[in-house]
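Let me begin by presenting the structure, written as structure tokens, before commenting on it.
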Amino acid sequence: MIPSMSDTAEQATEQTEEQVEERSAEERLRERRRGAVRKARRILWRGGPSRTLRERLAALTEAAPEVYDLDESVDIYGDGVVATLEERVATLLGKEAAAFFPTGTMAQQVALRCWAARTGNPTVALHPLAHPEVHERHALAQVSGLRPVRLTSEPRLPTADEVRDLDEPCGALMLELPLRDAGFVLPTWEELTEVVEAARERDAVVHFDGARLWETTVHFGRPLDEIAGLADSVYVSFYKSLEGFAGAALAGPRTMVEEAKAWRHRYGGTVFQQFPTVLSALVGLERELPRLPEYVRHARVVAAALREGFAEAGVAWARVHPEEPHTHQFQVWLPYDPDVLVEAAVRQAEETGTYLFTGYWGQGGPGLALAEVTVGAAGLEWTAEDVKAAVADFVTRLPGVSS
């Protein structure tokens, strides 16, 4: 029987109402989370997105005079304060030059297409969990004419043997350091140098997706310039770890960076004025960069306490990954649906002022969820006992657990 027009209209109305209810529920939860973050007395990380416009502008106004002469003229199309930031990044990473970009997505597309033109090969070898493959709507292929090929499906960085055994030539090897979606994981220094050497053997250039490269120095036991020195080009972010407003930089050989600036213009990335974002990046380099090693070391204390806390609370299965974090960020896995864990976390914050898991919980499998945990300046105030007490209280808010 063919549905009548009235039946079809009624079904469409019901679907629309359901969609509105779903959006309303999501918006209510989002507002609850924002409110909980602002009011929380104890929290592991209080990042920029959780602050108000007034707070962020006030913080920049207070800190900016430390990093730049505010009596200088504003930037126009990349000069002035933008050029100062570029020089600072190039020096930190030990590269000849650097270019500021409004986004990392743009910076990496430009870098890889520049290398493709120079090598004559548009093939980019990378991990299937790398940011361009998971979070950029296949931009490398759709926008920049590049051809990604995957090296491994294992939740870790590719090995030297996997690079050597790739069954076709590639113009570039792209390594995300750390590999976020695998748990912010890094290889050992020896493994990294071997992978880079394997790429060189195949006449491939090496590009680091170093959005979070800033915090890798503790794990590798090497300074930034030595780590970046392994790659032909490096992209770094200013907001993921340094608390900047936005923005990224691409660093490498001077001739390549000059070419990248030409493509930046073609991609629409040469913005008229960028001083608020650039000043926030300079503040991040001045204030946050020196503290990142401290965050990384304390993240290991927090991770161990979380693992012990869940075991003591009797949770049948829980995992902290990696067991000893490679950076100041790591994953927590629990055997519940994500919506249950989000509600428990928000309710704990609302009722106690302690916000243990501020991030959203994602689906990790049937009845299994994962969250990303970041330890920042606020997290340094937590002792291991504080963490375990918060875990014990959090667990009482989960189904099937009595208080």
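Convention: chains lettered A, B, ... in structure tokens order; per-chain residue numbering from 1; ligands numbered from 1 as shown.
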Would you pick out the contacts of Asp79 of chain A at 12 Å or less, using only C-alpha atoms, so that residues sharing its chain but fewer than 2 positions from it are not included, and give the list as a PDB file with all heavy atoms, in the first residue's frame?
ATOM      1  N   GLU A  72      54.307  48.893  18.496  1.00  0.00           N
ATOM      2  CA  GLU A  72      54.609  48.642  17.086  1.00  0.00           C
ATOM      3  C   GLU A  72      53.325  48.646  16.267  1.00  0.00           C
ATOM      4  O   GLU A  72      52.231  48.441  16.796  1.00  0.00           O
ATOM      5  CB  GLU A  72      55.318  47.295  16.930  1.00  0.00           C
ATOM      6  CG  GLU A  72      56.722  47.247  17.504  1.00  0.00           C
ATOM      7  CD  GLU A  72      57.712  48.021  16.659  1.00  0.00           C
ATOM      8  OE1 GLU A  72      57.463  48.197  15.449  1.00  0.00           O
ATOM      9  OE2 GLU A  72      58.734  48.467  17.219  1.00  0.00           O
ATOM     10  N   SER A  73      53.463  48.849  14.967  1.00  0.00           N
ATOM     11  CA  SER A  73      52.291  48.826  14.084  1.00  0.00           C
ATOM     12  C   SER A  73      51.707  47.419  14.006  1.00  0.00           C
ATOM     13  O   SER A  73      52.410  46.422  14.211  1.00  0.00           O
ATOM     14  CB  SER A  73      52.687  49.283  12.679  1.00  0.00           C
ATOM     15  OG  SER A  73      53.183  50.600  12.697  1.00  0.00           O
ATOM     16  N   VAL A  74      50.422  47.350  13.700  1.00  0.00           N
ATOM     17  CA  VAL A  74      49.787  46.048  13.527  1.00  0.00           C
ATOM     18  C   VAL A  74      50.314  45.387  12.265  1.00  0.00           C
ATOM     19  O   VAL A  74      50.849  46.048  11.368  1.00  0.00           O
ATOM     20  CB  VAL A  74      48.248  46.180  13.453  1.00  0.00           C
ATOM     21  CG1 VAL A  74      47.683  46.712  14.756  1.00  0.00           C
ATOM     22  CG2 VAL A  74      47.834  47.072  12.284  1.00  0.00           C
ATOM     23  N   ASP A  75      50.158  44.065  12.203  1.00  0.00           N
ATOM     24  CA  ASP A  75      50.607  43.308  11.042  1.00  0.00           C
ATOM     25  C   ASP A  75      49.681  43.537   9.854  1.00  0.00           C
ATOM     26  O   ASP A  75      48.478  43.767  10.013  1.00  0.00           O
ATOM     27  CB  ASP A  75      50.644  41.818  11.369  1.00  0.00           C
ATOM     28  CG  ASP A  75      49.278  41.292  11.793  1.00  0.00           C
ATOM     29  OD1 ASP A  75      48.761  41.769  12.828  1.00  0.00           O
ATOM     30  OD2 ASP A  75      48.709  40.432  11.090  1.00  0.00           O
ATOM     31  N   ILE A  76      50.242  43.443   8.669  1.00  0.00           N
ATOM     32  CA  ILE A  76      49.456  43.507   7.440  1.00  0.00           C
ATOM     33  C   ILE A  76      49.950  42.394   6.524  1.00  0.00           C
ATOM     34  O   ILE A  76      51.119  42.385   6.117  1.00  0.00           O
ATOM     35  CB  ILE A  76      49.594  44.875   6.740  1.00  0.00           C
ATOM     36  CG1 ILE A  76      49.059  46.000   7.650  1.00  0.00           C
ATOM     37  CG2 ILE A  76      48.843  44.874   5.407  1.00  0.00           C
ATOM     38  CD1 ILE A  76      49.226  47.388   7.066  1.00  0.00           C
ATOM     39  N   TYR A  77      49.073  41.446   6.255  1.00  0.00           N
ATOM     40  CA  TYR A  77      49.386  40.336   5.364  1.00  0.00           C
ATOM     41  C   TYR A  77      50.697  39.628   5.720  1.00  0.00           C
ATOM     42  O   TYR A  77      51.521  39.310   4.864  1.00  0.00           O
ATOM     43  CB  TYR A  77      49.421  40.797   3.909  1.00  0.00           C
ATOM     44  CG  TYR A  77      48.052  41.175   3.372  1.00  0.00           C
ATOM     45  CD1 TYR A  77      47.835  42.440   2.804  1.00  0.00           C
ATOM     46  CD2 TYR A  77      46.983  40.288   3.426  1.00  0.00           C
ATOM     47  CE1 TYR A  77      46.589  42.792   2.316  1.00  0.00           C
ATOM     48  CE2 TYR A  77      45.735  40.633   2.938  1.00  0.00           C
ATOM     49  CZ  TYR A  77      45.529  41.887   2.383  1.00  0.00           C
ATOM     50  OH  TYR A  77      44.291  42.235   1.904  1.00  0.00           O
ATOM     51  N   VAL A  81      54.408  41.397  13.660  1.00  0.00           N
ATOM     52  CA  VAL A  81      54.375  40.399  14.727  1.00  0.00           C
ATOM     53  C   VAL A  81      54.295  38.978  14.162  1.00  0.00           C
ATOM     54  O   VAL A  81      54.796  38.027  14.781  1.00  0.00           O
ATOM     55  CB  VAL A  81      53.202  40.678  15.693  1.00  0.00           C
ATOM     56  CG1 VAL A  81      51.854  40.457  15.023  1.00  0.00           C
ATOM     57  CG2 VAL A  81      53.321  39.831  16.951  1.00  0.00           C
ATOM     58  N   VAL A  82      53.693  38.817  12.982  1.00  0.00           N
ATOM     59  CA  VAL A  82      53.622  37.489  12.360  1.00  0.00           C
ATOM     60  C   VAL A  82      55.028  37.008  11.998  1.00  0.00           C
ATOM     61  O   VAL A  82      55.396  35.859  12.266  1.00  0.00           O
ATOM     62  CB  VAL A  82      52.722  37.506  11.109  1.00  0.00           C
ATOM     63  CG1 VAL A  82      52.682  36.115  10.465  1.00  0.00           C
ATOM     64  CG2 VAL A  82      51.319  37.964  11.457  1.00  0.00           C
ATOM     65  N   ALA A  83      55.815  37.892  11.403  1.00  0.00           N
ATOM     66  CA  ALA A  83      57.185  37.533  11.046  1.00  0.00           C
ATOM     67  C   ALA A  83      58.016  37.215  12.292  1.00  0.00           C
ATOM     68  O   ALA A  83      58.866  36.312  12.273  1.00  0.00           O
ATOM     69  CB  ALA A  83      57.836  38.673  10.260  1.00  0.00           C
ATOM     70  N   THR A  84      57.760  37.930  13.376  1.00  0.00           N
ATOM     71  CA  THR A  84      58.466  37.652  14.632  1.00  0.00           C
ATOM     72  C   THR A  84      58.171  36.243  15.124  1.00  0.00           C
ATOM     73  O   THR A  84      59.072  35.510  15.547  1.00  0.00           O
ATOM     74  CB  THR A  84      58.061  38.677  15.702  1.00  0.00           C
ATOM     75  OG1 THR A  84      58.471  39.977  15.283  1.00  0.00           O
ATOM     76  CG2 THR A  84      58.704  38.348  17.052  1.00  0.00           C
ATOM     77  N   LEU A  85      56.895  35.848  15.077  1.00  0.00           N
ATOM     78  CA  LEU A  85      56.521  34.495  15.492  1.00  0.00           C
ATOM     79  C   LEU A  85      57.179  33.458  14.593  1.00  0.00           C
ATOM     80  O   LEU A  85      57.685  32.434  15.073  1.00  0.00           O
ATOM     81  CB  LEU A  85      55.001  34.332  15.464  1.00  0.00           C
ATOM     82  CG  LEU A  85      54.479  32.922  15.764  1.00  0.00           C
ATOM     83  CD1 LEU A  85      54.838  32.490  17.178  1.00  0.00           C
ATOM     84  CD2 LEU A  85      52.955  32.855  15.563  1.00  0.00           C
ATOM     85  N   GLU A  86      57.189  33.710  13.293  1.00  0.00           N
ATOM     86  CA  GLU A  86      57.793  32.759  12.364  1.00  0.00           C
ATOM     87  C   GLU A  86      59.278  32.562  12.673  1.00  0.00           C
ATOM     88  O   GLU A  86      59.773  31.424  12.667  1.00  0.00           O
ATOM     89  CB  GLU A  86      57.592  33.251  10.928  1.00  0.00           C
ATOM     90  CG  GLU A  86      56.144  33.190  10.471  1.00  0.00           C
ATOM     91  CD  GLU A  86      55.901  33.851   9.123  1.00  0.00           C
ATOM     92  OE1 GLU A  86      56.752  34.677   8.702  1.00  0.00           O
ATOM     93  OE2 GLU A  86      54.875  33.556   8.487  1.00  0.00           O
ATOM     94  N   GLU A  87      59.982  33.639  12.947  1.00  0.00           N
ATOM     95  CA  GLU A  87      61.408  33.535  13.274  1.00  0.00           C
ATOM     96  C   GLU A  87      61.613  32.756  14.569  1.00  0.00           C
ATOM     97  O   GLU A  87      62.541  31.953  14.683  1.00  0.00           O
ATOM     98  CB  GLU A  87      62.005  34.941  13.395  1.00  0.00           C
ATOM     99  CG  GLU A  87      62.068  35.694  12.079  1.00  0.00           C
ATOM    100  CD  GLU A  87      62.406  37.162  12.269  1.00  0.00           C
ATOM    101  OE1 GLU A  87      62.717  37.561  13.424  1.00  0.00           O
ATOM    102  OE2 GLU A  87      62.355  37.914  11.271  1.00  0.00           O
ATOM    103  N   ALA A  99      56.575  29.441   8.359  1.00  0.00           N
ATOM    104  CA  ALA A  99      55.454  30.235   7.860  1.00  0.00           C
ATOM    105  C   ALA A  99      54.252  30.018   8.761  1.00  0.00           C
ATOM    106  O   ALA A  99      53.934  28.872   9.111  1.00  0.00           O
ATOM    107  CB  ALA A  99      55.113  29.851   6.425  1.00  0.00           C
ATOM    108  N   PHE A 100      53.598  31.111   9.127  1.00  0.00           N
ATOM    109  CA  PHE A 100      52.391  31.026   9.955  1.00  0.00           C
ATOM    110  C   PHE A 100      51.193  30.712   9.065  1.00  0.00           C
ATOM    111  O   PHE A 100      51.039  31.272   7.985  1.00  0.00           O
ATOM    112  CB  PHE A 100      52.160  32.347  10.687  1.00  0.00           C
ATOM    113  CG  PHE A 100      50.933  32.337  11.561  1.00  0.00           C
ATOM    114  CD1 PHE A 100      50.951  31.710  12.800  1.00  0.00           C
ATOM    115  CD2 PHE A 100      49.759  32.942  11.141  1.00  0.00           C
ATOM    116  CE1 PHE A 100      49.816  31.691  13.603  1.00  0.00           C
ATOM    117  CE2 PHE A 100      48.623  32.934  11.947  1.00  0.00           C
ATOM    118  CZ  PHE A 100      48.650  32.303  13.173  1.00  0.00           C
ATOM    119  N   THR A 270      46.523  33.855   3.644  1.00  0.00           N
ATOM    120  CA  THR A 270      47.266  35.079   3.938  1.00  0.00           C
ATOM    121  C   THR A 270      46.264  36.117   4.419  1.00  0.00           C
ATOM    122  O   THR A 270      45.710  36.893   3.638  1.00  0.00           O
ATOM    123  CB  THR A 270      48.040  35.570   2.703  1.00  0.00           C
ATOM    124  OG1 THR A 270      48.872  34.515   2.221  1.00  0.00           O
ATOM    125  CG2 THR A 270      48.901  36.778   3.039  1.00  0.00           C
ATOM    126  N   VAL A 271      46.032  36.124   5.705  1.00  0.00           N
ATOM    127  CA  VAL A 271      44.967  36.938   6.304  1.00  0.00           C
ATOM    128  C   VAL A 271      45.471  38.358   6.532  1.00  0.00           C
ATOM    129  O   VAL A 271      46.632  38.584   6.857  1.00  0.00           O
ATOM    130  CB  VAL A 271      44.499  36.294   7.628  1.00  0.00           C
ATOM    131  CG1 VAL A 271      43.388  37.115   8.274  1.00  0.00           C
ATOM    132  CG2 VAL A 271      44.030  34.860   7.364  1.00  0.00           C
ATOM    133  N   PHE A 272      44.562  39.349   6.380  1.00  0.00           N
ATOM    134  CA  PHE A 272      44.939  40.766   6.456  1.00  0.00           C
ATOM    135  C   PHE A 272      45.626  41.100   7.775  1.00  0.00           C
ATOM    136  O   PHE A 272      46.735  41.621   7.790  1.00  0.00           O
ATOM    137  CB  PHE A 272      43.687  41.630   6.260  1.00  0.00           C
ATOM    138  CG  PHE A 272      43.947  43.107   6.334  1.00  0.00           C
ATOM    139  CD1 PHE A 272      44.965  43.701   5.593  1.00  0.00           C
ATOM    140  CD2 PHE A 272      43.175  43.912   7.152  1.00  0.00           C
ATOM    141  CE1 PHE A 272      45.208  45.067   5.665  1.00  0.00           C
ATOM    142  CE2 PHE A 272      43.414  45.277   7.233  1.00  0.00           C
ATOM    143  CZ  PHE A 272      44.428  45.863   6.492  1.00  0.00           C
ATOM    144  N   GLN A 273      44.965  40.804   8.906  1.00  0.00           N
ATOM    145  CA  GLN A 273      45.575  41.035  10.210  1.00  0.00           C
ATOM    146  C   GLN A 273      45.314  39.846  11.126  1.00  0.00           C
ATOM    147  O   GLN A 273      44.194  39.342  11.178  1.00  0.00           O
ATOM    148  CB  GLN A 273      45.048  42.320  10.852  1.00  0.00           C
ATOM    149  CG  GLN A 273      45.526  43.575  10.139  1.00  0.00           C
ATOM    150  CD  GLN A 273      45.044  44.849  10.806  1.00  0.00           C
ATOM    151  OE1 GLN A 273      44.097  44.846  11.567  1.00  0.00           O
ATOM    152  NE2 GLN A 273      45.725  45.949  10.511  1.00  0.00           N
ATOM    153  N   GLN A 274      46.358  39.443  11.858  1.00  0.00           N
ATOM    154  CA  GLN A 274      46.259  38.240  12.680  1.00  0.00           C
ATOM    155  C   GLN A 274      46.857  38.449  14.069  1.00  0.00           C
ATOM    156  O   GLN A 274      47.140  37.486  14.777  1.00  0.00           O
ATOM    157  CB  GLN A 274      46.986  37.080  11.982  1.00  0.00           C
ATOM    158  CG  GLN A 274      46.452  36.798  10.584  1.00  0.00           C
ATOM    159  CD  GLN A 274      47.278  35.770   9.844  1.00  0.00           C
ATOM    160  OE1 GLN A 274      46.965  34.584   9.847  1.00  0.00           O
ATOM    161  NE2 GLN A 274      48.348  36.213   9.208  1.00  0.00           N
ATOM    162  N   PHE A 275      47.064  39.701  14.460  1.00  0.00           N
ATOM    163  CA  PHE A 275      47.834  39.956  15.684  1.00  0.00           C
ATOM    164  C   PHE A 275      47.247  39.344  16.953  1.00  0.00           C
ATOM    165  O   PHE A 275      48.015  38.892  17.813  1.00  0.00           O
ATOM    166  CB  PHE A 275      48.085  41.464  15.866  1.00  0.00           C
ATOM    167  CG  PHE A 275      46.863  42.306  16.065  1.00  0.00           C
ATOM    168  CD1 PHE A 275      46.369  42.550  17.332  1.00  0.00           C
ATOM    169  CD2 PHE A 275      46.212  42.874  14.969  1.00  0.00           C
ATOM    170  CE1 PHE A 275      45.248  43.338  17.518  1.00  0.00           C
ATOM    171  CE2 PHE A 275      45.091  43.660  15.149  1.00  0.00           C
ATOM    172  CZ  PHE A 275      44.595  43.890  16.423  1.00  0.00           C
ATOM    173  N   VAL A 278      48.306  35.670  16.816  1.00  0.00           N
ATOM    174  CA  VAL A 278      49.763  35.536  16.856  1.00  0.00           C
ATOM    175  C   VAL A 278      50.305  35.906  18.234  1.00  0.00           C
ATOM    176  O   VAL A 278      51.207  35.243  18.760  1.00  0.00           O
ATOM    177  CB  VAL A 278      50.401  36.400  15.750  1.00  0.00           C
ATOM    178  CG1 VAL A 278      51.914  36.450  15.910  1.00  0.00           C
ATOM    179  CG2 VAL A 278      50.024  35.855  14.377  1.00  0.00           C
TER     180      VAL A 278
END
message = At a cut-off of 9 Å, using only C-alpha atoms, what residues contact segment 46-52 of chain A? Leave out same-chain residues fewer than 6 positions from it and give the result as a ChimeraX atom specification.
response = /A:34-35,37-38,239,243-245,358,376-379
key: In segment 85-124 of chain A, DSSP alpha helix (DSSP H) residues written as a PyMOL selection string   = chain A and resi 85-93+104-119
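Proximity of A:Gly309, A:Pro335, A:Pro65, A:Pro276 to Phe394 of chain A, computed with only C-alpha atoms, is greatest for A:Gly309.
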Taking a cut-off of 12 Å and counting only C-alpha atoms, can you build a table that, for each residue of segment 286-331 of chain A near segment 201-222 of chain A, reports the nearest atom pair and how far apart they are in Å (one decimal), sorted by chain then residue number, as a tab-separated table?
residue	atom	partner	partner_atom	distance
A:Glu288	CA	A:Trp214	CA	9.8
A:Leu289	CA	A:Trp214	CA	6.9
A:Pro290	CA	A:Trp214	CA	9.5
A:Arg291	CA	A:Glu215	CA	9.3
A:Leu292	CA	A:Glu215	CA	5.7
A:Pro293	CA	A:Val218	CA	6.0
A:Glu294	CA	A:Val218	CA	9.1
A:Tyr295	CA	A:Glu215	CA	8.7
A:Val296	CA	A:Glu215	CA	7.2
A:Arg297	CA	A:Val218	CA	8.0
A:His298	CA	A:Val218	CA	11.6
A:Ala299	CA	A:Glu215	CA	11.7
A:Arg300	CA	A:His219	CA	11.4
A:Glu324	CA	A:His219	CA	10.3
A:Pro325	CA	A:His219	CA	8.9
A:His326	CA	A:His219	CA	5.7
A:Thr327	CA	A:Glu215	CA	6.0
A:His328	CA	A:Glu215	CA	7.3
A:Gln329	CA	A:Glu215	CA	9.6
query = Hey, can you check how far atom CA of Asp71 of chain A sits from atom CA of Arg287 of chain A?
reply = 21.5 Å
key: Residue contacts of Leu126 of chain A (8 Å, only C-alpha atoms) excluding same-chain residues fewer than 2 positions away, as a PyMOL selection string   = chain A and resi 124+128+130+148-151+173-175
Expected file contents, prior selection, C-alpha atoms, as a compact mmCIF listing (two decimals), in the first residue's frame:
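Resulting contents of part-v1.txt:
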# COMPACT_ATOMS: atom_id res chain seq x y z
CA VAL A 124 51.99 10.20 0.87
CA PRO A 128 45.21 5.44 8.84
CA ALA A 130 46.61 10.22 11.18
CA PRO A 148 47.50 8.78 0.75
CA VAL A 149 48.61 5.18 1.24
CA ARG A 150 48.43 3.42 4.58
CA LEU A 151 51.44 1.79 6.18
CA LEU A 173 56.38 9.86 4.67
CA MET A 174 54.15 11.68 7.14
CA LEU A 175 54.46 10.84 10.85
request  = Find the residues near Val315 of chain A: any atom within 10 Å, counting only C-alpha atoms, skip ones fewer than 6 places away on the same chain, and give them as a VMD selection string.
outcome  = chain A and resid 309 334 to 335 392 395 398 401
task = Can you work out the spacing between atom CA of Asp339 of chain A and atom CA of Leu306 of chain A in Å, to one decimal?
result =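 Atom CA of Leu306 of chain A lies at a distance of 20.3 Å from atom CA of Asp339 of chain A.
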